[in-house]
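S.K.: Input my_file-v9.cif, format and content: mmCIF, C-alpha atoms and all ligand atoms.
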```
data_target
loop_
_atom_site.label_atom_id
_atom_site.label_comp_id
_atom_site.auth_asym_id
_atom_site.auth_seq_id
_atom_site.Cartn_x
_atom_site.Cartn_y
_atom_site.Cartn_z
CA MET A 1 -9.77 -32.72 -5.02
CA ASP A 2 -7.16 -35.47 -5.17
CA LEU A 3 -5.48 -34.99 -1.83
CA THR A 4 -1.95 -36.17 -1.26
CA GLN A 5 -0.71 -37.70 1.96
CA ARG A 6 2.03 -35.10 2.38
CA LEU A 7 1.34 -34.77 6.14
CA LYS A 8 1.25 -38.51 6.83
CA GLY A 9 2.15 -39.34 10.43
CA LYS A 10 2.63 -35.71 11.46
CA THR A 11 1.27 -34.55 14.79
CA ALA A 12 -0.82 -31.42 14.23
CA ILE A 13 -2.48 -29.17 16.80
CA VAL A 14 -5.37 -26.95 15.72
CA THR A 15 -7.01 -24.42 18.06
CA ALA A 16 -10.50 -22.94 17.57
CA ALA A 17 -11.29 -26.10 15.63
CA ALA A 18 -15.02 -26.39 16.36
CA GLN A 19 -16.18 -24.24 13.45
CA GLY A 20 -15.19 -21.94 10.61
CA ILE A 21 -11.56 -21.74 9.49
CA GLY A 22 -10.15 -23.83 12.37
CA ARG A 23 -12.51 -26.70 11.66
CA ALA A 24 -11.76 -26.66 7.91
CA VAL A 25 -8.03 -26.67 8.73
CA ALA A 26 -8.42 -29.66 11.06
CA GLU A 27 -10.36 -31.54 8.35
CA ARG A 28 -7.82 -30.70 5.65
CA LEU A 29 -4.80 -31.72 7.74
CA MET A 30 -6.51 -35.02 8.55
CA ALA A 31 -7.29 -35.58 4.86
CA GLU A 32 -3.58 -35.15 4.14
CA GLY A 33 -2.63 -37.79 6.70
CA ALA A 34 -1.87 -35.82 9.88
CA ASN A 35 -2.88 -36.98 13.36
CA VAL A 36 -4.92 -33.98 14.43
CA TYR A 37 -5.44 -32.80 18.00
CA ALA A 38 -8.28 -30.31 17.84
CA SER A 39 -9.31 -28.00 20.66
CA ASP A 40 -11.91 -25.30 21.22
CA LEU A 41 -13.78 -23.56 24.00
CA ASN A 42 -17.02 -24.99 22.62
CA GLY A 43 -16.86 -28.73 23.34
CA LYS A 44 -20.38 -29.39 22.09
CA VAL A 45 -19.76 -28.21 18.53
CA LEU A 46 -16.22 -29.61 18.54
CA SER A 47 -17.46 -33.12 19.40
CA SER A 48 -18.91 -33.52 15.90
CA LEU A 49 -15.42 -33.24 14.37
CA ASN A 50 -14.80 -36.87 13.44
CA GLY A 51 -11.33 -38.34 13.20
CA ALA A 52 -9.52 -35.86 15.45
CA GLU A 53 -8.58 -36.13 19.12
CA THR A 54 -10.81 -33.41 20.53
CA SER A 55 -10.37 -31.44 23.77
CA VAL A 56 -12.10 -28.50 25.37
CA LEU A 57 -9.46 -25.81 25.85
CA ASP A 58 -9.70 -22.14 26.66
CA ALA A 59 -6.68 -20.71 24.86
CA THR A 60 -6.72 -17.64 27.13
CA ASP A 61 -6.02 -19.83 30.18
CA ASP A 62 -2.23 -20.06 30.47
CA ALA A 63 -2.25 -22.93 32.97
CA ALA A 64 -4.76 -24.94 30.94
CA VAL A 65 -2.75 -24.40 27.75
CA LYS A 66 0.48 -25.52 29.45
CA SER A 67 -1.19 -28.60 30.86
CA TYR A 68 -2.74 -29.45 27.44
CA PHE A 69 0.63 -29.27 25.67
CA ASN A 70 2.29 -31.39 28.35
CA GLN A 71 0.64 -34.49 26.87
CA PHE A 72 2.78 -34.24 23.70
CA GLU A 73 6.34 -35.44 23.32
CA GLN A 74 6.67 -33.95 19.88
CA ILE A 75 4.60 -31.62 17.71
CA ASP A 76 5.13 -31.10 13.99
CA ILE A 77 2.39 -28.60 13.10
CA LEU A 78 0.50 -25.92 15.01
CA VAL A 79 -2.34 -23.88 13.55
CA HIS A 80 -3.54 -21.26 16.02
CA ALA A 81 -6.93 -19.96 14.86
CA VAL A 82 -8.37 -18.37 18.02
CA GLY A 83 -9.47 -14.77 17.51
CA TYR A 84 -12.20 -12.31 18.43
CA VAL A 85 -13.76 -9.53 16.33
CA HIS A 86 -14.85 -6.41 18.19
CA HIS A 87 -17.01 -4.15 16.01
CA GLY A 88 -16.23 -0.48 16.59
CA ASN A 89 -13.81 2.39 16.29
CA ILE A 90 -11.51 3.36 19.17
CA GLU A 91 -14.16 5.55 20.84
CA GLU A 92 -16.68 2.73 20.66
CA CYS A 93 -14.29 0.22 22.21
CA SER A 94 -14.59 0.15 26.00
CA LEU A 95 -11.55 -0.81 28.03
CA LYS A 96 -13.34 -4.08 28.82
CA GLU A 97 -13.78 -4.88 25.10
CA TRP A 98 -10.20 -3.81 24.42
CA ARG A 99 -8.88 -6.14 27.12
CA LYS A 100 -11.12 -8.94 25.87
CA SER A 101 -9.76 -8.48 22.34
CA CYS A 102 -6.18 -8.53 23.63
CA SER A 103 -6.85 -11.60 25.74
CA ILE A 104 -8.56 -13.74 23.10
CA THR A 105 -6.56 -12.76 20.03
CA LEU A 106 -3.10 -11.85 21.32
CA ASP A 107 -2.59 -13.41 24.76
CA SER A 108 -3.85 -16.75 23.41
CA ALA A 109 -1.16 -16.64 20.70
CA TYR A 110 1.49 -15.92 23.35
CA PHE A 111 0.30 -18.87 25.48
CA VAL A 112 -0.22 -21.38 22.66
CA LEU A 113 2.92 -20.66 20.63
CA GLY A 114 4.96 -20.46 23.83
CA ALA A 115 3.75 -23.90 24.90
CA ALA A 116 4.18 -25.49 21.45
CA ILE A 117 7.72 -24.32 20.62
CA PRO A 118 9.53 -26.51 23.21
CA LYS A 119 7.80 -29.53 21.64
CA MET A 120 9.14 -28.65 18.18
CA LYS A 121 12.66 -27.62 19.12
CA ASN A 122 14.62 -30.83 18.58
CA HIS A 123 13.22 -31.73 15.18
CA GLY A 124 11.62 -28.61 13.69
CA GLY A 125 8.04 -27.83 12.77
CA SER A 126 5.61 -25.44 11.15
CA ILE A 127 3.57 -22.87 13.06
CA ILE A 128 0.73 -21.05 11.34
CA THR A 129 -1.15 -18.22 12.99
CA ILE A 130 -4.46 -17.14 11.53
CA GLY A 131 -4.00 -13.41 11.19
CA SER A 132 -6.14 -11.11 9.06
CA VAL A 133 -5.74 -8.46 6.38
CA ALA A 134 -7.40 -6.25 9.04
CA SER A 135 -4.15 -5.76 10.96
CA SER A 136 -0.88 -3.97 10.29
CA ILE A 137 -1.57 -4.85 6.63
CA LYS A 138 -4.68 -2.69 6.12
CA GLY A 139 -7.00 -0.51 8.18
CA PHE A 140 -10.73 -1.21 8.16
CA ALA A 141 -13.55 0.89 9.60
CA LYS A 142 -14.85 -0.36 12.96
CA ARG A 143 -11.94 -2.73 13.50
CA ALA A 144 -9.79 -0.75 15.98
CA ALA A 145 -9.23 -3.46 18.60
CA TYR A 146 -9.32 -6.27 16.05
CA GLY A 147 -6.77 -4.61 13.75
CA ALA A 148 -4.51 -3.80 16.69
CA THR A 149 -4.53 -7.32 18.08
CA LYS A 150 -4.10 -9.03 14.71
CA GLY A 151 -1.20 -6.65 14.02
CA GLY A 152 0.29 -7.96 17.26
CA VAL A 153 -0.18 -11.53 16.07
CA LEU A 154 1.73 -10.73 12.87
CA GLY A 155 4.54 -9.16 14.90
CA LEU A 156 4.76 -12.21 17.15
CA THR A 157 4.73 -14.50 14.11
CA LYS A 158 7.71 -12.73 12.56
CA ALA A 159 9.61 -12.62 15.86
CA VAL A 160 9.13 -16.35 16.40
CA ALA A 161 10.28 -17.03 12.83
CA ALA A 162 13.45 -15.00 13.47
CA ASP A 163 14.17 -16.57 16.85
CA TYR A 164 13.68 -20.22 15.91
CA ILE A 165 14.87 -20.52 12.31
CA GLY A 166 18.01 -22.17 13.69
CA GLU A 167 15.78 -24.82 15.32
CA LYS A 168 14.13 -25.51 11.94
CA ILE A 169 10.83 -24.09 13.18
CA ARG A 170 8.99 -22.00 10.59
CA CYS A 171 6.31 -19.54 11.62
CA ASN A 172 3.95 -17.87 9.14
CA SER A 173 0.63 -16.09 9.31
CA VAL A 174 -2.29 -16.71 6.98
CA CYS A 175 -4.21 -13.46 6.59
CA PRO A 176 -7.72 -13.91 5.21
CA GLY A 177 -10.16 -11.36 3.86
CA THR A 178 -13.81 -11.96 4.72
CA VAL A 179 -14.52 -15.66 5.08
CA ASP A 180 -17.94 -17.24 5.38
CA SER A 181 -17.97 -18.65 8.92
CA PRO A 182 -20.54 -18.84 11.74
CA SER A 183 -19.11 -15.72 13.37
CA LEU A 184 -19.31 -13.79 10.07
CA GLN A 185 -23.00 -14.67 9.92
CA GLY A 186 -23.31 -13.27 13.46
CA ARG A 187 -21.59 -10.05 12.40
CA ILE A 188 -23.95 -9.77 9.42
CA ASP A 189 -26.95 -10.24 11.77
CA GLU A 190 -25.61 -7.48 14.04
CA LEU A 191 -25.04 -5.04 11.17
CA ALA A 192 -28.46 -5.85 9.69
CA LYS A 193 -30.05 -4.38 12.83
CA THR A 194 -28.73 -0.96 11.76
CA MET A 195 -29.81 -1.35 8.10
CA ASP A 196 -33.02 -1.83 6.14
CA SER A 197 -32.47 -5.51 5.42
CA ARG A 198 -30.11 -8.46 5.96
CA ASP A 199 -29.31 -8.46 2.24
CA GLU A 200 -27.96 -4.93 2.63
CA ALA A 201 -25.67 -6.11 5.44
CA VAL A 202 -24.45 -9.06 3.35
CA GLN A 203 -23.76 -6.65 0.48
CA TYR A 204 -21.75 -4.37 2.80
CA PHE A 205 -19.32 -7.20 3.52
CA ILE A 206 -19.23 -8.46 -0.09
CA ASP A 207 -18.46 -4.93 -1.32
CA ARG A 208 -15.18 -5.06 0.64
CA GLN A 209 -14.14 -8.02 -1.52
CA PRO A 210 -12.95 -7.13 -5.05
CA ALA A 211 -13.55 -10.79 -5.97
CA GLY A 212 -17.25 -10.17 -5.29
CA ARG A 213 -17.65 -13.07 -2.91
CA PHE A 214 -16.67 -14.34 0.52
CA GLY A 215 -13.75 -16.71 0.95
CA GLN A 216 -14.56 -20.24 2.01
CA PRO A 217 -12.92 -21.83 5.08
CA GLU A 218 -11.68 -24.67 2.85
CA GLU A 219 -9.69 -22.18 0.75
CA ILE A 220 -7.91 -20.91 3.86
CA ALA A 221 -7.30 -24.51 4.95
CA GLY A 222 -5.58 -25.31 1.63
CA LEU A 223 -3.03 -22.55 2.20
CA CYS A 224 -2.45 -23.73 5.78
CA ALA A 225 -1.83 -27.29 4.53
CA PHE A 226 0.73 -25.99 2.04
CA LEU A 227 2.56 -24.05 4.78
CA ALA A 228 2.38 -27.04 7.14
CA SER A 229 3.95 -29.32 4.55
CA ASP A 230 7.43 -29.54 3.05
CA ASP A 231 6.02 -27.79 -0.03
CA GLY A 232 6.21 -24.64 2.10
CA ALA A 233 9.68 -25.41 3.50
CA PHE A 234 11.27 -22.21 2.15
CA VAL A 235 8.48 -19.90 3.38
CA ASN A 236 9.19 -18.34 6.76
CA GLY A 237 8.10 -15.26 8.71
CA GLN A 238 5.52 -14.26 6.11
CA ALA A 239 2.06 -12.76 6.43
CA ILE A 240 0.31 -14.26 3.42
CA CYS A 241 -2.89 -12.56 2.29
CA ILE A 242 -5.70 -14.73 0.98
CA ASP A 243 -8.32 -12.08 0.58
CA GLY A 244 -10.18 -12.06 -2.73
CA GLY A 245 -8.11 -9.14 -3.96
CA ILE A 246 -8.44 -6.68 -1.05
CA THR A 247 -4.71 -6.00 -1.02
CA ILE A 248 -4.02 -6.03 -4.77
N1 LIG A 301 -14.25 -15.19 9.20
C1 LIG A 301 -13.52 -14.19 8.72
O1 LIG A 301 -13.99 -13.39 7.89
C2 LIG A 301 -12.11 -14.03 9.16
C3 LIG A 301 -11.28 -13.15 8.43
C4 LIG A 301 -9.95 -13.00 8.83
C5 LIG A 301 -9.47 -13.68 9.93
N2 LIG A 301 -10.30 -14.50 10.61
C6 LIG A 301 -9.75 -15.19 11.78
O2 LIG A 301 -9.88 -16.58 11.62
C7 LIG A 301 -10.03 -17.20 12.89
C8 LIG A 301 -11.27 -18.08 12.87
O3 LIG A 301 -12.40 -17.27 12.59
P1 LIG A 301 -13.72 -17.90 11.94
O4 LIG A 301 -14.57 -16.71 11.57
O5 LIG A 301 -13.37 -18.91 10.91
O6 LIG A 301 -14.34 -18.76 13.12
P2 LIG A 301 -15.49 -18.37 14.18
O7 LIG A 301 -15.23 -17.00 14.71
O8 LIG A 301 -16.82 -18.65 13.58
O9 LIG A 301 -15.19 -19.44 15.30
C9 LIG A 301 -14.18 -19.20 16.23
C10 LIG A 301 -14.00 -20.40 17.13
O10 LIG A 301 -13.09 -20.00 18.14
C11 LIG A 301 -13.51 -20.54 19.37
N3 LIG A 301 -12.95 -19.76 20.48
C12 LIG A 301 -13.28 -18.49 20.83
N4 LIG A 301 -12.60 -18.12 21.92
C13 LIG A 301 -11.81 -19.19 22.25
C14 LIG A 301 -10.88 -19.43 23.29
N5 LIG A 301 -10.62 -18.50 24.23
N6 LIG A 301 -10.25 -20.62 23.33
C15 LIG A 301 -10.50 -21.57 22.40
N7 LIG A 301 -11.40 -21.40 21.41
C16 LIG A 301 -12.04 -20.23 21.33
C17 LIG A 301 -15.03 -20.47 19.30
O11 LIG A 301 -15.63 -21.35 20.22
C18 LIG A 301 -15.28 -20.84 17.83
O12 LIG A 301 -15.43 -22.25 17.67
C19 LIG A 301 -10.08 -16.06 13.91
O13 LIG A 301 -8.80 -15.85 14.45
C20 LIG A 301 -10.49 -14.87 13.07
O14 LIG A 301 -10.08 -13.65 13.62
C21 LIG A 301 -11.60 -14.69 10.26
#
```
Could you spell out this file's structure in structure tokens?
M.R.:
Amino acid sequence: MDLTQRLKGKTAIVTAAAQGIGRAVAERLMAEGANVYASDLNGKVLSSLNGAETSVLDATDDAAVKSYFNQFEQIDILVHAVGYVHHGNIEECSLKEWRKSCSITLDSAYFVLGAAIPKMKNHGGSIITIGSVASSIKGFAKRAAYGATKGGVLGLTKAVAADYIGEKIRCNSVCPGTVDSPSLQGRIDELAKTMDSRDEAVQYFIDRQPAGRFGQPEEIAGLCAFLASDDGAFVNGQAICIDGGITI
């Protein structure tokens, strides 16, 4: 792909950047010229991300998030990709798992967006949350806590867009269908334990995709780069599905 330099010189923060969608986003923003500050809980995997300023950061730790953002005078782009998938319906979701889901997916968004906004206020910026079609957009079996917390992320995204449009801050959510990432492979392994074979578990996830395949992290990253750039300047407060046809 012939990449432009439409993000040249922009300061971009990407959370959950060690693997999967977050990593692909960090790589894409760098390829388009941004100075990328990438963070993740998993410093070991993150350290192989070349070209970015990498930091270990637990996005559920309010004090650590505040201290991390203090290093920046100005931020132009934030992509918040931290999230956690609990597998189960409401009866199968213990209070502990529910709280964990809320903490990782929703509290982290509250902490990270709250810390980033003051650094965007004087000059504007683009915030992108990684939501999901499994949210207020569509119900999926065994995604009670996940759907609830991602629905919260979409609500926060729209509220931030409404509150800060006057400050020239845009806030959108990218809502993927099933994307081939390390954690998806883990979910397939888990499901395979309840089935006759791993192939059957893979097929279960593919069958949810009308396109007949998983999305690739790079495809999600392309949409994030569009929203981060001036090409997306008139898009605000949207939950944009990129889901292989799930929500046709
Ligand atoms: N993979 C999918 O099918 C899919 C679909 C829709 C939405 N999403 C969302 O995309 C995002 C990325 O998912 P993925 O599957 O590409 O990646 P992944 O789940 O494979 O990796 C997630 C990364 O987040 C990091 N992380 C976890 N908790 C953290 C914390 N408290 N602080 C900082 N980092 C933390 C992990 O160390 C890991 O590197 C998530 O929000 C997920 O819900 C994924």
S.K.: Neighbours of ligand LIG 301 (chain A) at 7 Å or closer, counting all atoms listed in the file: which residues, as a ChimeraX atom specification?
M.R.: /A:15-22,39-42,57-60,81-85,104-105,130-133,175-184,217
S.K.: Smallest atom-to-atom distance to A:Glu97: which of A:Lys121, A:Lys193, A:Arg143, A:Lys138, using all atoms listed in the file?
M.R.: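 Counting all atoms listed in the file, the residue closest to A:Glu97 is A:Arg143.
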S.K.: Have a look at A:Arg6, A:Lys66, A:Arg23, A:Arg28 and name the one nearest to A:Leu46; count all atoms listed in the file.
M.R.: A:Arg23
S.K.: As number ranges by chain, please: the residues near stretch 70-77 of chain A (cut-off 12 Å, only C-alpha atoms, same-chain neighbours under 5 positions excluded).
M.R.: A: 7-15, 25-26, 29-30, 34-38, 55, 63-65, 112-113, 115-129, 168-172, 224-230
S.K.: Which is closer to A:Gln185 than all the others in A:Asp107, A:Glu91, A:Asp199, A:Asp163, using only C-alpha atoms?
M.R.: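 When distances to A:Gln185 are compared using only C-alpha atoms, the smallest one comes from A:Asp199.
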S.K.: Interatomic distance between atom CA of A:Ser103 and atom CA of A:Gln209?
M.R.: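 About the pair atom CA of A:Ser103 and atom CA of A:Gln209: they are 28.4 Å apart.
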S.K.: Given 3 Å of margin on each side, can you work out the centre and size in Å (one decimal) of an axis-aligned box holding every listed atom of stretch 185-194 of chain A, as lines of an AutoDock Vina configuration file?
M.R.:
```
center_x = -25.8
center_y = -7.8
center_z = 11.7
size_x = 14.5
size_y = 19.7
size_z = 10.6
```
S.K.: At a cut-off of 9 Å, using all atoms listed in the file, what residues contact A:Ala148? Leave out same-chain residues fewer than 6 positions from it and give the result as a VMD selection string.
M.R.: chain A and resid 102 134 to 136
S.K.: Can you tell me how far atom CA of A:Ala144 sits from atom CA of A:Asn89, in Å to one decimal?
M.R.: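 Value for the atom CA of A:Ala144-atom CA of A:Asn89 distance: 5.1 Å.
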S.K.: Which is closest to A:Val79 among A:Ala31, A:Ala145, A:Ile206, A:Val174, if we use all atoms listed in the file?
M.R.: A:Val174
S.K.: Atom CA of A:Gly88 to atom CA of A:Ile188: how many Å, to one decimal?
M.R.: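 Computing the Euclidean distance for atom CA of A:Gly88 and atom CA of A:Ile188 yields 14.0 Å.
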S.K.: Considering all atoms listed in the file, state which residue in the set A:Glu27, A:Asp196, A:Gln216, A:Leu191 is at the smallest distance from A:Gly51.
M.R.: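 With all atoms listed in the file as the atom set, the closest residue is A:Glu27.
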S.K.: Measuring between all atoms listed in the file, which one of A:Gly33, A:Thr247, A:Glu218, A:Ser173 shows the shortest distance to A:Thr4?
M.R.: A:Gly33
